[in-house]
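S.K.: Here you go, this is input-v5.cif (mmCIF, C-alpha atoms, pLDDT in the B column; chains and numbers go by the auth columns).
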data_data
loop_
_atom_site.group_PDB
_atom_site.id
_atom_site.type_symbol
_atom_site.label_atom_id
_atom_site.label_comp_id
_atom_site.label_asym_id
_atom_site.label_seq_id
_atom_site.Cartn_x
_atom_site.Cartn_y
_atom_site.Cartn_z
_atom_site.B_iso_or_equiv
_atom_site.auth_seq_id
_atom_site.auth_asym_id
ATOM 1 C CA LEU A 1 8.903 -71.380 -30.957 82.00 1 A
ATOM 2 C CA ALA A 2 7.425 -68.257 -32.511 87.00 2 A
ATOM 3 C CA SER A 3 9.521 -65.881 -30.386 89.00 3 A
ATOM 4 C CA PRO A 4 11.766 -63.609 -32.468 88.00 4 A
ATOM 5 C CA ARG A 5 14.503 -64.254 -29.858 83.00 5 A
ATOM 6 C CA LEU A 6 14.625 -67.949 -30.769 83.00 6 A
ATOM 7 C CA ARG A 7 16.506 -69.300 -33.724 78.00 7 A
ATOM 8 C CA VAL A 8 15.982 -72.920 -34.753 80.00 8 A
ATOM 9 C CA GLU A 9 18.399 -74.482 -37.219 79.00 9 A
ATOM 10 C CA ASN A 10 17.397 -77.614 -39.126 85.00 10 A
ATOM 11 C CA ALA A 11 20.597 -78.786 -40.786 87.00 11 A
ATOM 12 C CA ASP A 12 23.427 -81.287 -40.532 89.00 12 A
ATOM 13 C CA VAL A 13 24.809 -79.829 -37.317 90.00 13 A
ATOM 14 C CA PHE A 14 28.369 -81.076 -37.772 89.00 14 A
ATOM 15 C CA ARG A 15 28.582 -79.280 -41.102 91.00 15 A
ATOM 16 C CA TRP A 16 26.517 -76.254 -40.018 91.00 16 A
ATOM 17 C CA VAL A 17 28.493 -75.484 -36.851 92.00 17 A
ATOM 18 C CA SER A 18 31.772 -75.215 -38.761 91.00 18 A
ATOM 19 C CA CYS A 19 30.513 -72.457 -41.055 89.00 19 A
ATOM 20 C CA ALA A 20 27.935 -70.722 -38.836 89.00 20 A
ATOM 21 C CA ALA A 21 28.451 -67.199 -37.603 90.00 21 A
ATOM 22 C CA GLY A 22 26.987 -65.142 -34.808 89.00 22 A
ATOM 23 C CA GLN A 23 26.794 -65.381 -31.055 93.00 23 A
ATOM 24 C CA TYR A 24 24.312 -67.489 -29.132 92.00 24 A
ATOM 25 C CA ASP A 25 23.282 -66.873 -25.524 93.00 25 A
ATOM 26 C CA ALA A 26 22.064 -70.435 -25.014 92.00 26 A
ATOM 27 C CA VAL A 27 22.792 -73.638 -26.892 92.00 27 A
ATOM 28 C CA ILE A 28 20.887 -76.849 -26.149 92.00 28 A
ATOM 29 C CA VAL A 29 22.626 -79.967 -27.449 93.00 29 A
ATOM 30 C CA ASP A 30 20.265 -82.957 -27.338 93.00 30 A
ATOM 31 C CA PHE A 31 21.702 -85.568 -29.674 93.00 31 A
ATOM 32 C CA PRO A 32 20.983 -89.290 -29.704 93.00 32 A
ATOM 33 C CA ASP A 33 23.337 -91.320 -27.545 94.00 33 A
ATOM 34 C CA PRO A 34 26.782 -92.004 -29.065 96.00 34 A
ATOM 35 C CA THR A 35 26.012 -95.585 -30.113 96.00 35 A
ATOM 36 C CA GLU A 36 28.067 -95.390 -33.318 95.00 36 A
ATOM 37 C CA PHE A 37 30.907 -93.313 -34.751 95.00 37 A
ATOM 38 C CA SER A 38 28.633 -91.138 -36.907 93.00 38 A
ATOM 39 C CA LEU A 39 26.909 -89.972 -33.697 95.00 39 A
ATOM 40 C CA GLY A 40 30.078 -89.980 -31.590 95.00 40 A
ATOM 41 C CA LYS A 41 31.572 -87.209 -33.724 95.00 41 A
ATOM 42 C CA LEU A 42 28.881 -84.893 -32.313 96.00 42 A
ATOM 43 C CA TYR A 43 30.444 -85.325 -28.865 97.00 43 A
ATOM 44 C CA THR A 44 34.050 -84.566 -29.862 97.00 44 A
ATOM 45 C CA GLU A 45 36.474 -81.862 -28.836 98.00 45 A
ATOM 46 C CA ASN A 46 36.420 -80.617 -32.443 96.00 46 A
ATOM 47 C CA PHE A 47 32.648 -80.187 -32.411 97.00 47 A
ATOM 48 C CA TYR A 48 32.599 -78.516 -28.985 98.00 48 A
ATOM 49 C CA ARG A 49 35.332 -76.067 -30.068 97.00 49 A
ATOM 50 C CA GLU A 50 33.096 -74.986 -32.940 97.00 50 A
ATOM 51 C CA VAL A 51 30.101 -74.573 -30.628 97.00 51 A
ATOM 52 C CA ALA A 52 32.288 -72.618 -28.168 97.00 52 A
ATOM 53 C CA ARG A 53 33.195 -70.263 -31.007 97.00 53 A
ATOM 54 C CA LEU A 54 29.479 -69.492 -31.428 96.00 54 A
ATOM 55 C CA LEU A 55 28.687 -69.202 -27.732 97.00 55 A
ATOM 56 C CA ALA A 56 28.389 -65.618 -26.485 96.00 56 A
ATOM 57 C CA PRO A 57 30.976 -64.631 -23.842 96.00 57 A
ATOM 58 C CA ASP A 58 28.364 -64.980 -21.094 94.00 58 A
ATOM 59 C CA GLY A 59 26.390 -67.717 -22.875 95.00 59 A
ATOM 60 C CA VAL A 60 25.706 -71.209 -21.578 95.00 60 A
ATOM 61 C CA MET A 61 25.255 -74.495 -23.341 96.00 61 A
ATOM 62 C CA THR A 62 23.886 -77.760 -22.028 96.00 62 A
ATOM 63 C CA VAL A 63 24.610 -81.200 -23.427 97.00 63 A
ATOM 64 C CA GLN A 64 22.639 -84.419 -22.965 97.00 64 A
ATOM 65 C CA SER A 65 25.336 -86.648 -21.479 97.00 65 A
ATOM 66 C CA THR A 66 23.797 -90.133 -20.831 97.00 66 A
ATOM 67 C CA SER A 67 23.184 -91.720 -17.432 97.00 67 A
ATOM 68 C CA PRO A 68 25.839 -91.008 -14.792 98.00 68 A
ATOM 69 C CA LEU A 69 24.513 -94.047 -12.911 96.00 69 A
ATOM 70 C CA ILE A 70 24.679 -96.630 -15.713 96.00 70 A
ATOM 71 C CA ALA A 71 27.564 -95.126 -17.692 97.00 71 A
ATOM 72 C CA PRO A 72 29.609 -92.856 -15.394 98.00 72 A
ATOM 73 C CA ARG A 73 32.789 -92.994 -17.482 98.00 73 A
ATOM 74 C CA SER A 74 30.836 -92.012 -20.582 98.00 74 A
ATOM 75 C CA PHE A 75 29.058 -89.248 -18.674 98.00 75 A
ATOM 76 C CA TRP A 76 32.325 -87.731 -17.402 98.00 76 A
ATOM 77 C CA THR A 77 33.937 -88.110 -20.838 98.00 77 A
ATOM 78 C CA VAL A 78 31.518 -85.436 -22.045 98.00 78 A
ATOM 79 C CA ALA A 79 32.730 -83.074 -19.294 98.00 79 A
ATOM 80 C CA SER A 80 36.402 -83.865 -20.025 98.00 80 A
ATOM 81 C CA THR A 81 35.820 -83.202 -23.709 98.00 81 A
ATOM 82 C CA LEU A 82 34.063 -79.879 -23.115 98.00 82 A
ATOM 83 C CA GLU A 83 36.958 -78.820 -20.873 98.00 83 A
ATOM 84 C CA ALA A 84 39.491 -79.861 -23.525 98.00 84 A
ATOM 85 C CA ALA A 85 37.590 -77.585 -25.919 98.00 85 A
ATOM 86 C CA GLY A 86 38.332 -74.662 -23.609 98.00 86 A
ATOM 87 C CA LEU A 87 35.045 -74.477 -21.724 98.00 87 A
ATOM 88 C CA THR A 88 34.178 -74.752 -18.052 98.00 88 A
ATOM 89 C CA ALA A 89 31.968 -77.797 -17.504 98.00 89 A
ATOM 90 C CA ARG A 90 29.575 -78.670 -14.687 97.00 90 A
ATOM 91 C CA GLY A 91 27.634 -81.928 -14.663 97.00 91 A
ATOM 92 C CA TYR A 92 24.128 -82.274 -13.295 96.00 92 A
ATOM 93 C CA HIS A 93 21.530 -85.019 -13.215 97.00 93 A
ATOM 94 C CA ALA A 94 17.844 -85.617 -12.653 95.00 94 A
ATOM 95 C CA TYR A 95 15.466 -88.513 -12.612 93.00 95 A
ATOM 96 C CA VAL A 96 13.602 -88.563 -15.931 92.00 96 A
ATOM 97 C CA PRO A 97 10.635 -90.976 -15.774 91.00 97 A
ATOM 98 C CA SER A 98 11.120 -92.337 -19.298 91.00 98 A
ATOM 99 C CA PHE A 99 14.933 -92.700 -18.970 89.00 99 A
ATOM 100 C CA GLY A 100 15.747 -93.101 -15.267 93.00 100 A
ATOM 101 C CA GLU A 101 18.690 -91.271 -13.711 95.00 101 A
ATOM 102 C CA TRP A 102 19.900 -89.026 -16.538 97.00 102 A
ATOM 103 C CA GLY A 103 22.772 -86.616 -16.871 97.00 103 A
ATOM 104 C CA PHE A 104 23.534 -83.366 -18.580 97.00 104 A
ATOM 105 C CA THR A 105 26.552 -81.102 -18.679 98.00 105 A
ATOM 106 C CA MET A 106 26.476 -77.322 -18.573 97.00 106 A
ATOM 107 C CA ALA A 107 29.339 -75.493 -20.252 98.00 107 A
ATOM 108 C CA ALA A 108 30.405 -71.869 -20.508 97.00 108 A
ATOM 109 C CA HIS A 109 33.436 -69.729 -21.280 97.00 109 A
ATOM 110 C CA GLY A 110 33.801 -68.738 -17.640 95.00 110 A
ATOM 111 C CA ALA A 111 32.602 -69.767 -14.231 93.00 111 A
ATOM 112 C CA ILE A 112 29.173 -71.337 -13.967 90.00 112 A
ATOM 113 C CA PRO A 113 27.228 -69.825 -11.047 81.00 113 A
ATOM 114 C CA ALA A 114 26.785 -72.095 -8.045 79.00 114 A
ATOM 115 C CA GLN A 115 23.087 -71.227 -7.893 79.00 115 A
ATOM 116 C CA ALA A 116 20.681 -69.822 -10.423 79.00 116 A
ATOM 117 C CA THR A 117 17.834 -67.424 -9.860 82.00 117 A
ATOM 118 C CA ILE A 118 14.804 -69.688 -9.966 87.00 118 A
ATOM 119 C CA PRO A 119 11.479 -68.102 -10.871 88.00 119 A
ATOM 120 C CA PRO A 120 8.611 -68.806 -8.475 88.00 120 A
ATOM 121 C CA GLY A 121 5.882 -71.281 -9.389 89.00 121 A
ATOM 122 C CA LEU A 122 7.955 -74.038 -10.972 90.00 122 A
ATOM 123 C CA ARG A 123 6.735 -77.546 -10.125 86.00 123 A
ATOM 124 C CA PHE A 124 10.052 -79.440 -10.229 86.00 124 A
ATOM 125 C CA LEU A 125 12.891 -77.009 -9.707 88.00 125 A
ATOM 126 C CA THR A 126 12.999 -75.056 -6.466 88.00 126 A
ATOM 127 C CA PRO A 127 15.772 -73.251 -4.583 88.00 127 A
ATOM 128 C CA ALA A 128 15.897 -76.279 -2.241 88.00 128 A
ATOM 129 C CA SER A 129 16.050 -78.901 -5.008 89.00 129 A
ATOM 130 C CA GLU A 130 18.551 -77.170 -7.308 91.00 130 A
ATOM 131 C CA PRO A 131 21.717 -78.090 -5.328 92.00 131 A
ATOM 132 C CA LEU A 132 20.706 -81.766 -5.506 93.00 132 A
ATOM 133 C CA LEU A 133 21.004 -81.658 -9.314 94.00 133 A
ATOM 134 C CA PHE A 134 24.737 -81.013 -8.912 95.00 134 A
ATOM 135 C CA HIS A 135 25.373 -83.530 -6.125 96.00 135 A
ATOM 136 C CA PHE A 136 26.878 -86.815 -7.300 97.00 136 A
ATOM 137 C CA PRO A 137 27.016 -89.713 -4.815 97.00 137 A
ATOM 138 C CA PRO A 138 30.096 -91.993 -4.978 97.00 138 A
ATOM 139 C CA ASP A 139 28.701 -94.331 -7.652 96.00 139 A
ATOM 140 C CA MET A 140 28.178 -91.362 -10.001 97.00 140 A
ATOM 141 C CA ALA A 141 31.020 -89.113 -8.814 97.00 141 A
ATOM 142 C CA ARG A 142 33.541 -87.572 -11.169 97.00 142 A
ATOM 143 C CA ARG A 143 36.288 -89.930 -12.262 96.00 143 A
ATOM 144 C CA PRO A 144 39.106 -89.823 -14.778 96.00 144 A
ATOM 145 C CA ALA A 145 37.692 -89.909 -18.277 97.00 145 A
ATOM 146 C CA PRO A 146 39.290 -89.519 -21.691 97.00 146 A
ATOM 147 C CA VAL A 147 38.708 -86.713 -24.151 98.00 147 A
ATOM 148 C CA ASN A 148 36.545 -87.830 -27.069 98.00 148 A
ATOM 149 C CA ARG A 149 38.225 -86.889 -30.348 97.00 149 A
ATOM 150 C CA LEU A 150 37.477 -87.581 -33.980 95.00 150 A
ATOM 151 C CA ASP A 151 40.538 -89.823 -34.143 96.00 151 A
ATOM 152 C CA ASN A 152 39.804 -91.898 -31.030 96.00 152 A
ATOM 153 C CA GLN A 153 36.015 -92.009 -30.454 95.00 153 A
ATOM 154 C CA ALA A 154 36.634 -93.065 -26.845 97.00 154 A
ATOM 155 C CA LEU A 155 33.066 -92.170 -25.942 98.00 155 A
ATOM 156 C CA VAL A 156 31.511 -94.602 -28.430 97.00 156 A
ATOM 157 C CA ARG A 157 33.602 -97.456 -27.024 97.00 157 A
ATOM 158 C CA SER A 158 32.965 -96.662 -23.346 97.00 158 A
ATOM 159 C CA PHE A 159 29.260 -96.103 -24.008 97.00 159 A
ATOM 160 C CA ALA A 160 28.970 -99.543 -25.665 96.00 160 A
ATOM 161 C CA GLU A 161 30.907 -101.195 -22.842 96.00 161 A
ATOM 162 C CA GLU A 162 28.966 -99.591 -19.976 96.00 162 A
ATOM 163 C CA TRP A 163 25.504 -99.915 -21.488 94.00 163 A
ATOM 164 C CA GLY A 164 26.377 -103.430 -22.690 93.00 164 A
ATOM 165 C CA ARG A 165 26.859 -104.503 -19.051 91.00 165 A
ATOM 166 C CA TYR A 166 23.507 -102.972 -18.161 81.00 166 A
ATOM 167 C CA ASP A 167 21.586 -104.339 -21.146 69.00 167 A
ATOM 168 C CA GLY A 168 23.264 -107.749 -21.037 55.00 168 A
#
Could the structure of this file be written out as structure tokens, please?

M.R.:
Amino acid sequence: LASPRLRVENADVFRWVSCAAGQYDAVIVDFPDPTEFSLGKLYTENFYREVARLLAPDGVMTVQSTSPLIAPRSFWTVASTLEAAGLTARGYHAYVPSFGEWGFTMAAHGAIPAQATIPPGLRFLTPASEPLLFHFPPDMARRPAPVNRLDNQALVRSFAEEWGRYDG
């Protein structure tokens, strides 16, 4: 965190993103799950448009997107919403021991490379394992999903419905 290349912002992100300036090469969006409308607004087309404005032309962002296994409609709603904000979106998933099968969505202004250059010596990610992150079996495969907007909060409702079936 001491690197001069890193900038950490500690602020109300919904307010900050609308008045921030500059270009960011990488944006990591790791919000709590959209369990209520005050959190759901952080997953809206409006919010993602503001982040896209700050993303460098060749920059990439990643968004925590819930479990594509437990809540596939909610997961793909994040991708639909990023696309509605004018970005290219590509979902990926991994098994996280404390969460189970968990999903994320990469977004960029242009095409997202099919394969990344992976540095040697990593313990989890290898050239052989990387394609598996982007493979979705039928129960997690892309499906029609609404765009989450400030005036509809579709994600909050689908998240409650899908996780309610799992928790219930």

S.K.: Determine the nearest neighbour of Glu162 of chain A from the options A:Thr35, A:Trp102, A:Ala20, A:Arg143, counting all atoms listed in the file.

M.R.: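 Of all the options, A:Thr35 lies closest to Glu162 of chain A.
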
S.K.: Using the chain letters and numbers from the file, which residues does the PyMOL selection byres ((chain A and resi 95) around 12) grab, as a PDB file with C-alpha atoms, in the frame of the given file?

M.R.:
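And here is the file that came out, part-v3.pdb:
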ATOM      1  CA  THR A  66      23.797 -90.133 -20.831  1.00 97.00           C
ATOM      2  CA  SER A  67      23.184 -91.720 -17.432  1.00 97.00           C
ATOM      3  CA  PRO A  68      25.839 -91.008 -14.792  1.00 98.00           C
ATOM      4  CA  LEU A  69      24.513 -94.047 -12.911  1.00 96.00           C
ATOM      5  CA  TYR A  92      24.128 -82.274 -13.295  1.00 96.00           C
ATOM      6  CA  HIS A  93      21.530 -85.019 -13.215  1.00 97.00           C
ATOM      7  CA  ALA A  94      17.844 -85.617 -12.653  1.00 95.00           C
ATOM      8  CA  VAL A  96      13.602 -88.563 -15.931  1.00 92.00           C
ATOM      9  CA  PRO A  97      10.635 -90.976 -15.774  1.00 91.00           C
ATOM     10  CA  SER A  98      11.120 -92.337 -19.298  1.00 91.00           C
ATOM     11  CA  PHE A  99      14.933 -92.700 -18.970  1.00 89.00           C
ATOM     12  CA  GLY A 100      15.747 -93.101 -15.267  1.00 93.00           C
ATOM     13  CA  GLU A 101      18.690 -91.271 -13.711  1.00 95.00           C
ATOM     14  CA  TRP A 102      19.900 -89.026 -16.538  1.00 97.00           C
ATOM     15  CA  GLY A 103      22.772 -86.616 -16.871  1.00 97.00           C
ATOM     16  CA  PHE A 104      23.534 -83.366 -18.580  1.00 97.00           C
ATOM     17  CA  PHE A 124      10.052 -79.440 -10.229  1.00 86.00           C
ATOM     18  CA  LEU A 132      20.706 -81.766  -5.506  1.00 93.00           C
ATOM     19  CA  LEU A 133      21.004 -81.658  -9.314  1.00 94.00           C
TER      20      LEU A 133
END

S.K.: As an exercise, work out the distance from atom CA of Gly59 of chain A to atom CA of Glu9 of chain A in Å and give it to one decimal place.

M.R.: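 Distance reported for this atom pair: 17.8 Å.
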
S.K.: To one decimal in Å, tell me the separation between atom CA of Leu82 of chain A and atom CA of Leu39 of chain A.

M.R.: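 Taking atom CA of Leu82 of chain A as the start and atom CA of Leu39 of chain A as the end point, the length is 16.3 Å.
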
S.K.: Measuring atom to atom with only C-alpha atoms, identify which of A:His109, A:Arg73, A:Arg157, A:Arg90 is nearest to Ala145 of chain A.

M.R.: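 Checking each candidate against Ala145 of chain A, we get A:Arg73 as the closest.
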
S.K.: Once the PyMOL selection byres ((chain A and resi 89) around 8) is applied to the coordinates I shared, what remains selected? I want it as a ChimeraX atom specification.

M.R.: /A:79-80,82-83,87-88,90-91,105-108,112

S.K.: Please indicate the distance in Å from atom CA of Gln23 of chain A to atom CA of Thr81 of chain A, rounded to one decimal place.

M.R.: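 Result for atom CA of Gln23 of chain A versus atom CA of Thr81 of chain A: 21.3 Å, one decimal.
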
S.K.: Using all atoms listed in the file, which residue out of A:Ala85, A:Ala2, A:Val78, A:Val8 lies closest to Pro144 of chain A?

M.R.: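 Nearest candidate to Pro144 of chain A out of A:Ala85, A:Ala2, A:Val78, A:Val8: A:Val78.
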
S.K.: So which residues touch Arg15 of chain A within 12 Å, counting all atoms listed in the file, skipping near sequence neighbours fewer than 3 positions away, as a list in words?

M.R.: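 Near neighbours after the sequence-gap exclusion: Glu9, Asn10, Ala11, Asp12, Ser18, Cys19, Ala20, Lys41, Leu42, Asn46, Phe47, Glu50 and Val51 of chain A.
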
S.K.: Under the rule that all atoms listed in the file are counted, which of A:Asp33, A:Ile70, A:Asp151, A:Phe134 is the nearest residue to Arg165 of chain A?

M.R.: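 Among A:Asp33, A:Ile70, A:Asp151, A:Phe134, it is A:Ile70 that comes nearest to Arg165 of chain A.
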
S.K.: Check the smallest atom-to-atom distance from each of A:Met140, A:Ala26, A:Val17, A:Leu150 to Gly40 of chain A using all atoms listed in the file, then report the winner.

M.R.: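 Among A:Met140, A:Ala26, A:Val17, A:Leu150, it is A:Leu150 that comes nearest to Gly40 of chain A.
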
S.K.: My list of candidates is A:Thr77, A:Ser3, A:Thr126, A:Thr117. Which is closest to Glu45 of chain A when distances are computed with all atoms listed in the file?

M.R.: A:Thr77

S.K.: Let me know the residues the PyMOL selection byres ((chain A and resi 54) around 7) catches in the file above, as a ChimeraX atom specification.

M.R.: /A:21-24,50-53,55-56
